[in-house]
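**Q** Data: my_file.cif, mmCIF, C-alpha atoms.
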data_my_file
loop_
_atom_site.group_PDB
_atom_site.id
_atom_site.type_symbol
_atom_site.label_atom_id
_atom_site.label_comp_id
_atom_site.auth_asym_id
_atom_site.auth_seq_id
_atom_site.Cartn_x
_atom_site.Cartn_y
_atom_site.Cartn_z
ATOM 1 C CA MET A 83 82.037 0.481 101.748
ATOM 2 C CA THR A 84 78.715 -0.514 100.257
ATOM 3 C CA THR A 85 75.478 -0.466 102.242
ATOM 4 C CA GLU A 86 75.419 -3.398 104.632
ATOM 5 C CA LEU A 87 72.595 -5.843 104.069
ATOM 6 C CA THR A 88 70.446 -7.658 106.593
ATOM 7 C CA GLU A 89 70.966 -11.420 106.745
ATOM 8 C CA ILE A 90 68.019 -13.815 107.054
ATOM 9 C CA THR A 91 68.534 -17.558 107.492
ATOM 10 C CA VAL A 92 65.826 -20.243 107.443
ATOM 11 C CA ILE A 93 66.609 -23.733 108.809
ATOM 12 C CA GLY A 94 64.291 -26.719 109.067
ATOM 13 C CA GLY A 95 62.515 -29.491 107.230
ATOM 14 C CA ASP A 96 62.005 -29.100 103.487
ATOM 15 C CA LYS A 97 58.423 -27.993 102.847
ATOM 16 C CA THR A 98 56.558 -27.045 99.678
ATOM 17 C CA GLY A 99 55.842 -23.326 99.511
ATOM 18 C CA LEU A 100 58.264 -22.393 102.282
ATOM 19 C CA ILE A 101 60.356 -20.062 100.117
ATOM 20 C CA ALA A 102 57.263 -18.337 98.754
ATOM 21 C CA ARG A 103 55.867 -17.700 102.239
ATOM 22 C CA VAL A 104 59.079 -16.064 103.461
ATOM 23 C CA THR A 105 59.703 -13.967 100.358
ATOM 24 C CA THR A 106 56.060 -12.821 100.262
ATOM 25 C CA LEU A 107 56.318 -11.636 103.873
ATOM 26 C CA LEU A 108 59.370 -9.588 102.965
ATOM 27 C CA PHE A 109 57.756 -8.153 99.810
ATOM 28 C CA GLU A 110 54.720 -7.031 101.797
ATOM 29 C CA ARG A 111 57.043 -5.002 104.037
ATOM 30 C CA ASP A 112 58.936 -3.327 101.170
ATOM 31 C CA ILE A 113 62.093 -5.351 101.741
ATOM 32 C CA ASN A 114 64.186 -5.991 98.637
ATOM 33 C CA ILE A 115 65.988 -9.334 98.307
ATOM 34 C CA GLU A 116 69.518 -8.781 96.986
ATOM 35 C CA ASP A 117 70.733 -12.394 97.154
ATOM 36 C CA LEU A 118 69.114 -15.761 97.897
ATOM 37 C CA ASP A 119 70.651 -19.207 98.171
ATOM 38 C CA GLN A 120 69.116 -22.516 99.246
ATOM 39 C CA ALA A 121 70.246 -26.080 99.823
ATOM 40 C CA VAL A 122 69.093 -29.370 101.330
ATOM 41 C CA ARG A 123 71.533 -31.765 102.998
ATOM 42 C CA ASP A 124 70.707 -34.854 105.071
ATOM 43 C CA GLY A 125 67.051 -33.847 105.040
ATOM 44 C CA LEU A 126 67.786 -30.377 106.464
ATOM 45 C CA PHE A 127 66.682 -27.336 104.443
ATOM 46 C CA ARG A 128 68.633 -24.076 104.513
ATOM 47 C CA MET A 129 67.837 -20.778 102.847
ATOM 48 C CA SER A 130 70.032 -17.728 103.318
ATOM 49 C CA MET A 131 69.201 -14.251 102.068
ATOM 50 C CA ARG A 132 70.826 -10.851 102.066
ATOM 51 C CA VAL A 133 68.135 -8.188 101.947
ATOM 52 C CA ASP A 134 67.940 -4.403 101.889
ATOM 53 C CA THR A 135 65.859 -3.211 104.845
ATOM 54 C CA GLY A 136 66.755 0.451 104.385
ATOM 55 C CA GLU A 137 63.224 1.391 103.230
ATOM 56 C CA MET A 138 61.142 -1.323 104.885
ATOM 57 C CA SER A 139 57.685 -0.306 106.048
ATOM 58 C CA CYS A 140 57.941 -1.760 109.568
ATOM 59 C CA GLU A 141 60.181 -1.600 112.616
ATOM 60 C CA ARG A 142 62.964 -4.115 113.246
ATOM 61 C CA ASP A 143 61.181 -5.729 116.177
ATOM 62 C CA GLU A 144 58.011 -6.066 114.109
ATOM 63 C CA LEU A 145 59.955 -7.858 111.358
ATOM 64 C CA ARG A 146 61.619 -10.173 113.864
ATOM 65 C CA GLU A 147 58.269 -11.051 115.419
ATOM 66 C CA ALA A 148 56.568 -11.586 112.037
ATOM 67 C CA LEU A 149 59.344 -13.919 110.871
ATOM 68 C CA SER A 150 59.392 -15.710 114.220
ATOM 69 C CA GLU A 151 55.623 -16.255 114.052
ATOM 70 C CA LEU A 152 55.919 -17.527 110.475
ATOM 71 C CA GLY A 153 58.720 -19.858 111.564
ATOM 72 C CA ARG A 154 56.546 -21.320 114.320
ATOM 73 C CA GLU A 155 53.697 -21.818 111.842
ATOM 74 C CA LEU A 156 55.963 -23.575 109.330
ATOM 75 C CA GLY A 157 57.990 -25.488 111.926
ATOM 76 C CA VAL A 158 61.315 -23.902 110.936
ATOM 77 C CA GLU A 159 63.901 -21.667 112.594
ATOM 78 C CA ILE A 160 64.301 -18.163 111.151
ATOM 79 C CA GLN A 161 67.226 -15.954 112.175
ATOM 80 C CA VAL A 162 67.556 -12.237 111.396
ATOM 81 C CA ARG A 163 70.820 -10.294 111.657
ATOM 82 C CA PHE A 164 70.754 -6.547 111.035
ATOM 83 C CA PRO A 165 74.052 -4.764 110.254
ATOM 84 C CA SER A 166 74.196 -3.163 113.683
ATOM 85 C CA ASP A 167 73.854 -6.605 115.290
ATOM 86 C CA ARG A 168 77.358 -7.393 114.053
ATOM 87 C CA GLU A 169 79.042 -4.552 115.917
ATOM 88 C CA THR A 170 79.710 -6.916 118.828
ATOM 89 C CA ARG A 171 82.404 -8.715 116.764
ATOM 90 C CA ARG A 172 82.308 -11.889 118.815
ATOM 91 C CA ILE A 173 84.048 -15.008 117.561
ATOM 92 C CA ALA A 174 84.299 -18.583 118.698
ATOM 93 C CA VAL A 175 87.527 -20.428 117.952
ATOM 94 C CA CYS A 176 87.360 -24.189 117.418
ATOM 95 C CA VAL A 177 90.545 -26.206 118.013
ATOM 96 C CA THR A 178 91.820 -29.740 118.472
ATOM 97 C CA LYS A 179 95.505 -30.221 119.325
ATOM 98 C CA GLU A 180 97.608 -27.687 117.383
ATOM 99 C CA SER A 181 97.969 -24.321 119.113
ATOM 100 C CA HIS A 182 99.731 -22.029 116.616
ATOM 101 C CA CYS A 183 96.618 -20.583 114.973
ATOM 102 C CA LEU A 184 94.793 -20.248 118.294
ATOM 103 C CA GLU A 185 97.722 -18.402 119.865
ATOM 104 C CA ALA A 186 97.974 -16.064 116.879
ATOM 105 C CA LEU A 187 94.262 -15.264 117.146
ATOM 106 C CA MET A 188 94.486 -14.677 120.886
ATOM 107 C CA GLU A 189 97.411 -12.297 120.405
ATOM 108 C CA ALA A 190 95.654 -10.458 117.574
ATOM 109 C CA ALA A 191 92.502 -10.092 119.692
ATOM 110 C CA SER A 192 94.370 -8.734 122.718
ATOM 111 C CA ALA A 193 94.264 -5.070 123.737
ATOM 112 C CA ASP A 194 97.360 -4.309 121.664
ATOM 113 C CA GLY A 195 96.442 -6.670 118.813
ATOM 114 C CA GLU A 196 95.517 -5.997 115.214
ATOM 115 C CA LEU A 197 91.949 -7.341 115.354
ATOM 116 C CA ASP A 198 89.075 -5.394 116.880
ATOM 117 C CA VAL A 199 87.310 -8.521 118.055
ATOM 118 C CA GLU A 200 86.368 -10.457 121.183
ATOM 119 C CA ILE A 201 87.093 -14.155 121.432
ATOM 120 C CA SER A 202 83.997 -15.214 123.360
ATOM 121 C CA ALA A 203 84.725 -18.947 123.524
ATOM 122 C CA VAL A 204 87.237 -21.598 122.581
ATOM 123 C CA ILE A 205 85.529 -24.878 121.687
ATOM 124 C CA SER A 206 87.415 -28.136 121.300
ATOM 125 C CA ASN A 207 86.728 -31.789 120.669
ATOM 126 C CA ARG A 208 89.638 -32.565 123.020
ATOM 127 C CA GLY A 209 91.047 -31.023 126.186
ATOM 128 C CA THR A 210 94.609 -30.729 124.901
ATOM 129 C CA LEU A 211 94.701 -26.921 124.629
ATOM 130 C CA ARG A 212 92.892 -26.107 127.856
ATOM 131 C CA ASP A 213 96.157 -24.972 129.475
ATOM 132 C CA VAL A 214 96.722 -22.494 126.628
ATOM 133 C CA VAL A 215 93.349 -20.822 127.212
ATOM 134 C CA GLU A 216 92.821 -21.035 130.986
ATOM 135 C CA PRO A 217 95.310 -18.248 131.930
ATOM 136 C CA THR A 218 93.002 -15.860 130.024
ATOM 137 C CA ASP A 219 89.404 -14.891 130.705
ATOM 138 C CA ILE A 220 88.211 -16.826 127.655
ATOM 139 C CA PRO A 221 85.991 -19.810 128.525
ATOM 140 C CA PHE A 222 87.196 -23.179 127.205
ATOM 141 C CA TYR A 223 84.691 -25.884 126.331
ATOM 142 C CA ASP A 224 85.643 -29.507 125.737
ATOM 143 C CA ILE A 225 82.691 -30.989 123.861
ATOM 144 C CA GLY A 226 84.418 -34.245 122.930
ATOM 145 C CA ASP A 227 83.435 -37.698 124.125
ATOM 146 C CA GLY A 228 86.964 -38.676 125.113
ATOM 147 C CA LYS A 229 87.679 -40.115 121.672
ATOM 148 C CA GLY A 230 87.438 -36.829 119.792
ATOM 149 C CA SER A 231 83.844 -37.056 118.584
ATOM 150 C CA PRO A 232 82.161 -33.687 119.299
ATOM 151 C CA ASP A 233 78.666 -33.025 120.616
ATOM 152 C CA GLU A 234 77.373 -30.591 117.994
ATOM 153 C CA ASP A 235 74.154 -29.901 119.887
ATOM 154 C CA ARG A 236 76.300 -28.688 122.770
ATOM 155 C CA MET A 237 78.346 -26.601 120.321
ATOM 156 C CA LEU A 238 75.181 -24.947 119.031
ATOM 157 C CA ASP A 239 74.132 -24.110 122.598
ATOM 158 C CA ILE A 240 77.538 -22.511 123.271
ATOM 159 C CA LEU A 241 77.459 -20.485 120.065
ATOM 160 C CA ALA A 242 73.968 -19.223 120.883
ATOM 161 C CA GLU A 243 74.870 -18.502 124.507
ATOM 162 C CA HIS A 244 77.742 -16.258 123.440
ATOM 163 C CA ASP A 245 75.838 -14.707 120.504
ATOM 164 C CA VAL A 246 78.723 -15.536 118.183
ATOM 165 C CA ASP A 247 79.136 -13.578 114.955
ATOM 166 C CA LEU A 248 81.899 -15.693 113.426
ATOM 167 C CA ILE A 249 83.269 -19.213 113.919
ATOM 168 C CA VAL A 250 86.978 -19.715 113.247
ATOM 169 C CA LEU A 251 88.297 -23.245 112.775
ATOM 170 C CA ALA A 252 91.900 -22.945 113.940
ATOM 171 C CA ARG A 253 93.116 -26.424 112.945
ATOM 172 C CA TYR A 254 89.893 -28.020 114.194
ATOM 173 C CA MET A 255 90.207 -31.583 112.963
ATOM 174 C CA ARG A 256 86.547 -32.471 112.630
ATOM 175 C CA ILE A 257 83.985 -31.933 109.887
ATOM 176 C CA LEU A 258 81.095 -29.684 110.902
ATOM 177 C CA GLY A 259 77.643 -31.075 110.181
ATOM 178 C CA PRO A 260 74.827 -29.283 108.316
ATOM 179 C CA LYS A 261 73.059 -28.318 111.549
ATOM 180 C CA ILE A 262 75.955 -25.915 112.289
ATOM 181 C CA VAL A 263 77.086 -24.991 108.775
ATOM 182 C CA PHE A 264 73.580 -24.063 107.627
ATOM 183 C CA ARG A 265 72.970 -21.855 110.656
ATOM 184 C CA TYR A 266 76.230 -19.964 110.183
ATOM 185 C CA GLU A 267 76.355 -19.732 106.400
ATOM 186 C CA ASP A 268 79.333 -17.603 105.256
ATOM 187 C CA ARG A 269 80.253 -17.092 108.910
ATOM 188 C CA ILE A 270 82.626 -20.034 109.391
ATOM 189 C CA ILE A 271 86.263 -19.698 108.322
ATOM 190 C CA ASN A 272 88.668 -22.640 108.163
ATOM 191 C CA ILE A 273 92.403 -22.830 107.526
ATOM 192 C CA HIS A 274 93.555 -25.738 105.372
ATOM 193 C CA PRO A 275 97.236 -26.665 104.876
ATOM 194 C CA SER A 276 97.283 -26.791 101.076
ATOM 195 C CA LEU A 277 96.657 -24.602 98.066
ATOM 196 C CA LEU A 278 93.062 -25.660 97.541
ATOM 197 C CA PRO A 279 91.571 -27.176 95.489
ATOM 198 C CA SER A 280 94.715 -29.343 95.590
ATOM 199 C CA PHE A 281 95.031 -31.850 98.444
ATOM 200 C CA PRO A 282 91.705 -31.521 100.274
ATOM 201 C CA GLY A 283 90.907 -33.611 103.316
ATOM 202 C CA ALA A 284 93.266 -35.040 105.905
ATOM 203 C CA ALA A 285 97.084 -35.115 105.850
ATOM 204 C CA ALA A 286 97.450 -32.366 103.241
ATOM 205 C CA TYR A 287 101.178 -31.865 103.883
ATOM 206 C CA ARG A 288 101.728 -35.596 103.467
ATOM 207 C CA GLN A 289 99.754 -35.512 100.217
ATOM 208 C CA ALA A 290 101.989 -32.687 98.978
ATOM 209 C CA LYS A 291 105.098 -34.637 99.913
ATOM 210 C CA GLU A 292 103.894 -37.785 98.180
ATOM 211 C CA GLU A 293 103.016 -35.884 94.999
ATOM 212 C CA GLY A 294 106.445 -34.232 94.955
ATOM 213 C CA VAL A 295 105.218 -30.648 94.627
ATOM 214 C CA ARG A 296 107.783 -27.841 94.415
ATOM 215 C CA ILE A 297 105.373 -25.202 95.689
ATOM 216 C CA ALA A 298 102.915 -25.816 98.527
ATOM 217 C CA GLY A 299 100.754 -23.503 100.575
ATOM 218 C CA VAL A 300 97.768 -22.870 102.789
ATOM 219 C CA THR A 301 94.201 -21.663 102.220
ATOM 220 C CA ALA A 302 91.688 -19.843 104.411
ATOM 221 C CA HIS A 303 88.164 -20.422 103.158
ATOM 222 C CA TYR A 304 84.518 -20.261 104.139
ATOM 223 C CA VAL A 305 83.106 -23.595 105.242
ATOM 224 C CA THR A 306 80.341 -25.365 103.337
ATOM 225 C CA THR A 307 78.897 -28.849 103.698
ATOM 226 C CA ASP A 308 81.313 -30.004 100.977
ATOM 227 C CA LEU A 309 84.692 -30.782 102.541
ATOM 228 C CA ASP A 310 87.348 -28.136 101.742
ATOM 229 C CA GLN A 311 85.374 -26.800 98.794
ATOM 230 C CA GLY A 312 84.098 -23.549 100.293
ATOM 231 C CA PRO A 313 84.851 -20.114 98.802
ATOM 232 C CA ILE A 314 88.551 -19.263 99.068
ATOM 233 C CA ILE A 315 89.398 -16.053 100.953
ATOM 234 C CA THR A 316 93.198 -15.917 101.284
ATOM 235 C CA GLN A 317 96.146 -18.105 100.335
ATOM 236 C CA ARG A 318 99.868 -18.228 101.038
ATOM 237 C CA ALA A 319 102.521 -20.222 99.157
ATOM 238 C CA PHE A 320 105.999 -21.475 100.018
ATOM 239 C CA ASP A 321 108.816 -23.306 98.280
ATOM 240 C CA VAL A 322 109.340 -27.004 99.036
ATOM 241 C CA PRO A 323 113.054 -27.956 99.051
ATOM 242 C CA ASP A 324 114.084 -31.092 97.216
ATOM 243 C CA ASP A 325 113.577 -34.181 99.405
ATOM 244 C CA ALA A 326 112.057 -32.108 102.236
ATOM 245 C CA LEU A 327 110.640 -34.177 105.092
ATOM 246 C CA ILE A 328 106.996 -33.775 106.086
ATOM 247 C CA ASP A 329 108.028 -32.058 109.332
ATOM 248 C CA GLU A 330 110.073 -29.556 107.299
ATOM 249 C CA ILE A 331 107.107 -28.850 105.043
ATOM 250 C CA LYS A 332 104.871 -28.412 108.075
ATOM 251 C CA ALA A 333 107.385 -26.060 109.712
ATOM 252 C CA ARG A 334 107.251 -23.841 106.622
ATOM 253 C CA GLY A 335 103.473 -23.984 106.390
ATOM 254 C CA GLN A 336 102.340 -23.429 109.971
ATOM 255 C CA PRO A 337 103.373 -19.749 110.289
ATOM 256 C CA LEU A 338 101.574 -19.074 107.015
ATOM 257 C CA GLU A 339 98.481 -20.894 108.285
ATOM 258 C CA ALA A 340 98.212 -18.367 111.109
ATOM 259 C CA GLU A 341 98.947 -15.440 108.780
ATOM 260 C CA ALA A 342 96.367 -16.415 106.148
ATOM 261 C CA LEU A 343 93.739 -17.193 108.786
ATOM 262 C CA LEU A 344 94.199 -13.840 110.533
ATOM 263 C CA GLU A 345 93.861 -11.949 107.263
ATOM 264 C CA ALA A 346 90.727 -13.899 106.337
ATOM 265 C CA VAL A 347 89.174 -13.037 109.706
ATOM 266 C CA GLU A 348 90.129 -9.392 109.239
ATOM 267 C CA LEU A 349 88.578 -9.318 105.756
ATOM 268 C CA HIS A 350 85.350 -10.788 107.122
ATOM 269 C CA LEU A 351 85.172 -8.404 110.072
ATOM 270 C CA ASP A 352 85.860 -5.440 107.784
ATOM 271 C CA ASP A 353 82.972 -6.623 105.570
ATOM 272 C CA ALA A 354 85.505 -6.309 102.762
ATOM 273 C CA VAL A 355 84.784 -9.612 101.033
ATOM 274 C CA ALA A 356 81.618 -10.855 99.336
ATOM 275 C CA VAL A 357 80.617 -14.383 98.340
ATOM 276 C CA HIS A 358 78.865 -14.975 95.029
ATOM 277 C CA ARG A 359 78.358 -18.312 93.272
ATOM 278 C CA GLY A 360 81.000 -20.040 95.327
ATOM 279 C CA ARG A 361 83.704 -17.402 94.878
ATOM 280 C CA THR A 362 84.830 -14.454 96.958
ATOM 281 C CA SER A 363 85.723 -10.975 95.771
ATOM 282 C CA LEU A 364 86.573 -7.690 97.408
ATOM 283 C CA ARG A 365 83.561 -5.453 97.856
ATOM 284 C CA ASP A 366 83.354 -2.081 96.165
ATOM 285 C CA GLY A 367 85.232 0.389 98.334
ATOM 286 C CA ALA A 368 87.638 -2.166 99.803
ATOM 287 C CA ASP A 369 91.238 -1.187 99.065
ATOM 288 C CA PRO A 370 93.160 -4.189 97.658
ATOM 289 C CA ASP A 371 96.379 -2.607 98.911
ATOM 290 C CA ASP A 372 95.156 -3.156 102.488
ATOM 291 C CA TYR A 373 95.259 -6.952 102.102
ATOM 292 C CA GLN A 374 97.740 -9.452 100.708
ATOM 293 C CA LEU A 375 95.187 -12.106 99.675
ATOM 294 C CA GLY A 376 97.725 -14.293 97.864
ATOM 295 C CA LEU A 377 101.381 -13.833 96.949
ATOM 296 C CA SER A 378 103.522 -11.174 98.573
ATOM 297 C CA SER A 379 104.233 -7.989 96.623
ATOM 298 C CA THR A 380 107.781 -9.211 95.968
ATOM 299 C CA ALA A 381 106.510 -12.449 94.443
ATOM 300 C CA GLN A 382 103.896 -10.576 92.425
ATOM 301 C CA ASP A 383 106.594 -8.320 90.960
ATOM 302 C CA ALA A 384 108.408 -11.422 89.716
ATOM 303 C CA ASN A 385 105.364 -12.669 87.810
ATOM 304 C CA PRO A 386 105.320 -12.256 84.023
ATOM 305 C CA THR A 387 102.743 -9.745 82.843
ATOM 306 C CA GLU A 388 102.615 -10.542 79.131
ATOM 307 C CA PRO A 389 102.563 -13.733 77.062
ATOM 308 C CA VAL A 390 105.782 -14.748 75.342
ATOM 309 C CA ASP A 391 103.952 -14.804 72.013
ATOM 310 C CA ASP A 392 102.774 -11.246 71.358
ATOM 311 C CA ASP A 393 100.318 -12.535 68.763
ATOM 312 C CA LEU A 394 98.662 -15.040 71.107
ATOM 313 C CA ASP A 395 94.887 -15.051 70.592
ATOM 314 C CA LEU A 396 93.269 -16.666 73.647
ATOM 315 C CA SER A 397 89.982 -17.133 71.806
ATOM 316 C CA GLU A 398 91.719 -19.581 69.466
ATOM 317 C CA THR A 399 93.703 -21.418 72.134
ATOM 318 C CA PRO A 400 92.403 -24.981 72.761
ATOM 319 C CA GLY A 401 90.688 -25.299 76.134
ATOM 320 C CA ILE A 402 90.343 -21.554 76.734
ATOM 321 C CA ALA A 403 86.886 -20.085 76.332
ATOM 322 C CA ASP A 404 86.356 -16.548 75.162
ATOM 323 C CA ASP A 405 84.682 -14.727 78.036
#
Written as structure tokens, how would this file's structure read?

**A**
Amino acid sequence: MTTELTEITVIGGDKTGLIARVTTLLFERDINIEDLDQAVRDGLFRMSMRVDTGEMSCERDELREALSELGRELGVEIQVRFPSDRETRRIAVCVTKESHCLEALMEAASADGELDVEISAVISNRGTLRDVVEPTDIPFYDIGDGKGSPDEDRMLDILAEHDVDLIVLARYMRILGPKIVFRYEDRIINIHPSLLPSFPGAAAYRQAKEEGVRIAGVTAHYVTTDLDQGPIITQRAFDVPDDALIDEIKARGQPLEAEALLEAVELHLDDAVAVHRGRTSLRDGADPDDYQLGLSSTAQDANPTEPVDDDLDLSETPGIADD
């Protein structure tokens, strides 16, 4: 796989010159910025960078302290994650009422499971799934107010306490606010019960039923502050029988929700997927045969590989740009 890059995240109030101060500090220490992204939402500024620290002219602790001191001066929070920091492979799973994705993750993270990962915490906005988690050694946190509204400050404390590397939303039925999303940029994975970008938001299976689709599916994606619009990682599709009831559609979709979510987590932990301009792609060195990503091999074999019209010129087809 390619050389792993150090992640630096800046969170706080939007200030003039903030980006220049951080990037100058890195330049002075011979640190090359490979990727930089910034955003402001609800008055909260976020900047995330992936940088090459392989030839930096200081020690790791010196860089951490310099960035921490700069953060105190500017009144912002600066986080640094070196590649070796991610060897802990700790995840937090967020849930509400549905257990199928949680149970699949717990099985995959067990001693005989397929994921080399530790589930450090299960966080919920309701106490419904406490009985599923309590027989294990995994701590369960109910951060809801009794009506399902979560305390996100408490969630942040839990995530920090367990030094979480990845947050997995396993049918967590609440929207995460910028204070969490910005701090865990490209480290939050959600499973949504539709083939995004179709049918975002709540009641996706019902939306599919009402629109009369013949093919439905599920999508695992990175979470952004825009609802169900984050970079897509994996998808699964299934046939919808004529006049299928919503419960029948859900019964077909739920096993695929768990399957797509597990593969997305595996891709992330393997550092096999990269995010660029809102899209994901396999990194150089990642073997596409190791992951399904979308359709099964059987379905792929059934796909046509050539246009019906052998003389079709895409550059002259209305609505298709010549790339």

**Q** Need the shell around Pro282 (chain A): protein/DNA/RNA residues with any atom at most 8 Å away, counting all atoms listed in the file. Skip same-chain ones fewer than 4 positions apart. Format as a list in words?

**A**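 That gives His274, Ser276, Leu278, Ala286, Leu309 and Asp310 of chain A.
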
**Q** For the residues in the current selection, export C-alpha atoms as an mmCIF file, keeping the file's coordinate frame.

**A**
data_model
loop_
_atom_site.group_PDB
_atom_site.id
_atom_site.type_symbol
_atom_site.label_atom_id
_atom_site.label_comp_id
_atom_site.auth_asym_id
_atom_site.auth_seq_id
_atom_site.Cartn_x
_atom_site.Cartn_y
_atom_site.Cartn_z
ATOM 1 C CA HIS A 274 93.555 -25.738 105.372
ATOM 2 C CA SER A 276 97.283 -26.791 101.076
ATOM 3 C CA LEU A 278 93.062 -25.660 97.541
ATOM 4 C CA ALA A 286 97.450 -32.366 103.241
ATOM 5 C CA LEU A 309 84.692 -30.782 102.541
ATOM 6 C CA ASP A 310 87.348 -28.136 101.742
#

**Q** Run the PyMOL selection byres ((chain A and resi 317) around 7) against the file shown and list the residues it catches, as a PyMOL selection string.

**A** chain A and resi 277+300-302+316+318-319+342+375-376

**Q** Just checking: using only C-alpha atoms, which residue out of A:Leu156, A:Ile273, A:Leu107, A:Leu87 ends up closest to Leu338 (chain A)?

**A**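 Answer, going by the shortest atom-to-atom distance: A:Ile273.
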
**Q** Would you mind telling me which residue in A:Met188, A:Ala284, A:Ala102, A:Ala298 lies nearest to Glu200 (chain A) when using all atoms listed in the file?

**A**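 That would be A:Met188, the residue with the smallest distance to Glu200 (chain A).
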
**Q** Might you pull out every residue within 10 Å of Asp247 (chain A), with only C-alpha atoms counted and same-chain residues fewer than 6 positions away left off, and present them as a list in words?

**A**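 The contact residues come out as Arg163, Asp167, Arg168, Glu169, Thr170, Arg171, Arg172, Ile173, Ala174, Ser202, Leu241, Tyr266, Arg269, Ile270 and Leu351 of chain A.
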
**Q** Counting only C-alpha atoms, which residue out of A:Arg111, A:Arg296, A:His182, A:Arg365 sits closest to Thr135 (chain A)?

**A**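 Closest to Thr135 (chain A), using only C-alpha atoms: A:Arg111.
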
**Q** Smallest atom-to-atom distance to Leu149 (chain A): which of A:Pro313, A:Val92, A:Ser378, A:Cys183, using all atoms listed in the file?

**A**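 Using all atoms listed in the file, the shortest distance to Leu149 (chain A) belongs to A:Val92.
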
**Q** Mind giving me the straight-line distance from CA of Asp366 (chain A) to CA of Leu344 (chain A) in Å, one decimal?

**A** 21.5 Å

**Q** Could you tell me which of A:Glu185, A:Val305, A:Glu89, A:Glu141 comes closest to Phe264 (chain A) if we count all atoms listed in the file?

**A**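 For Phe264 (chain A), the nearest of the given residues is A:Val305.
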
**Q** Measuring between all atoms listed in the file, which one of A:Cys176, A:Val104, A:Ala121, A:Met138 shows the shortest distance to Val158 (chain A)?

**A**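 Distance minimum relative to Val158 (chain A) lands on A:Val104.
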
**Q** Check what the PyMOL selection byres ((chain A and resi 127) around 7) selects in the file above and give those residues as a PDB file with C-alpha atoms, in the coordinates of the input.

**A**
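Writing the result to result.pdb gives the following:
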ATOM      1  CA  ILE A  93      66.609 -23.733 108.809  1.00  0.00           C
ATOM      2  CA  GLY A  94      64.291 -26.719 109.067  1.00  0.00           C
ATOM      3  CA  GLY A  95      62.515 -29.491 107.230  1.00  0.00           C
ATOM      4  CA  ASP A  96      62.005 -29.100 103.487  1.00  0.00           C
ATOM      5  CA  ALA A 121      70.246 -26.080  99.823  1.00  0.00           C
ATOM      6  CA  VAL A 122      69.093 -29.370 101.330  1.00  0.00           C
ATOM      7  CA  ARG A 123      71.533 -31.765 102.998  1.00  0.00           C
ATOM      8  CA  GLY A 125      67.051 -33.847 105.040  1.00  0.00           C
ATOM      9  CA  LEU A 126      67.786 -30.377 106.464  1.00  0.00           C
ATOM     10  CA  ARG A 128      68.633 -24.076 104.513  1.00  0.00           C
ATOM     11  CA  MET A 129      67.837 -20.778 102.847  1.00  0.00           C
TER      12      MET A 129
END

**Q** For the file shown, what are the residues hit by the PyMOL selection byres ((chain A and resi 161) around 7), laid out as a ChimeraX atom specification?

**A** /A:90-92,159-160,162-163

**Q** If we count only C-alpha atoms and set the cut-off at 10 Å, which residues sit around Glu243 (chain A), ignoring sequence neighbours fewer than 5 positions away in its own chain? Please answer as a PDB file with C-alpha atoms, in the coordinates of the input.

**A**
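Done, and the output landed in result13.pdb:
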ATOM      1  CA  SER A 202      83.997 -15.214 123.360  1.00  0.00           C
ATOM      2  CA  ALA A 203      84.725 -18.947 123.524  1.00  0.00           C
ATOM      3  CA  MET A 237      78.346 -26.601 120.321  1.00  0.00           C
ATOM      4  CA  LEU A 238      75.181 -24.947 119.031  1.00  0.00           C
TER       5      LEU A 238
END

**Q** Using all atoms listed in the file, collect all residues at a distance of at most 6 Å from (82.9, -28.9, 121.3) as written in the file, then present them as a PyMOL selection string.

**A** chain A and resi 205-207+224-226+232-233+237

**Q** Can I get the selected residues back with C-alpha atoms, as a compact mmCIF listing (two decimals), in the coordinates of the input?

**A**
# COMPACT_ATOMS: atom_id res chain seq x y z
CA ILE A 205 85.53 -24.88 121.69
CA SER A 206 87.42 -28.14 121.30
CA ASN A 207 86.73 -31.79 120.67
CA ASP A 224 85.64 -29.51 125.74
CA ILE A 225 82.69 -30.99 123.86
CA GLY A 226 84.42 -34.24 122.93
CA PRO A 232 82.16 -33.69 119.30
CA ASP A 233 78.67 -33.02 120.62
CA MET A 237 78.35 -26.60 120.32

**Q** Report, as JSON, the axis-aligned box around all atoms of region 251-270 of chain A present in the file, extended by 8 Å on each side; give centre and edge lengths in Å to one decimal place.

**A**
{"center_x": 83.0, "center_y": -24.8, "center_z": 109.7, "size_x": 36.1, "size_y": 31.4, "size_z": 24.9}

**Q** To one decimal place, how far is CA of Gly136 (chain A) from CA of Asp369 (chain A) in Å?

**A**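 Spanning CA of Gly136 (chain A) to CA of Asp369 (chain A) is a straight-line distance of 25.1 Å.
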
**Q** What's the separation between CA of Gly360 (chain A) and CA of Leu377 (chain A), in Å to one decimal place?

**A**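 That distance, rounded to one decimal, is 21.4 Å.
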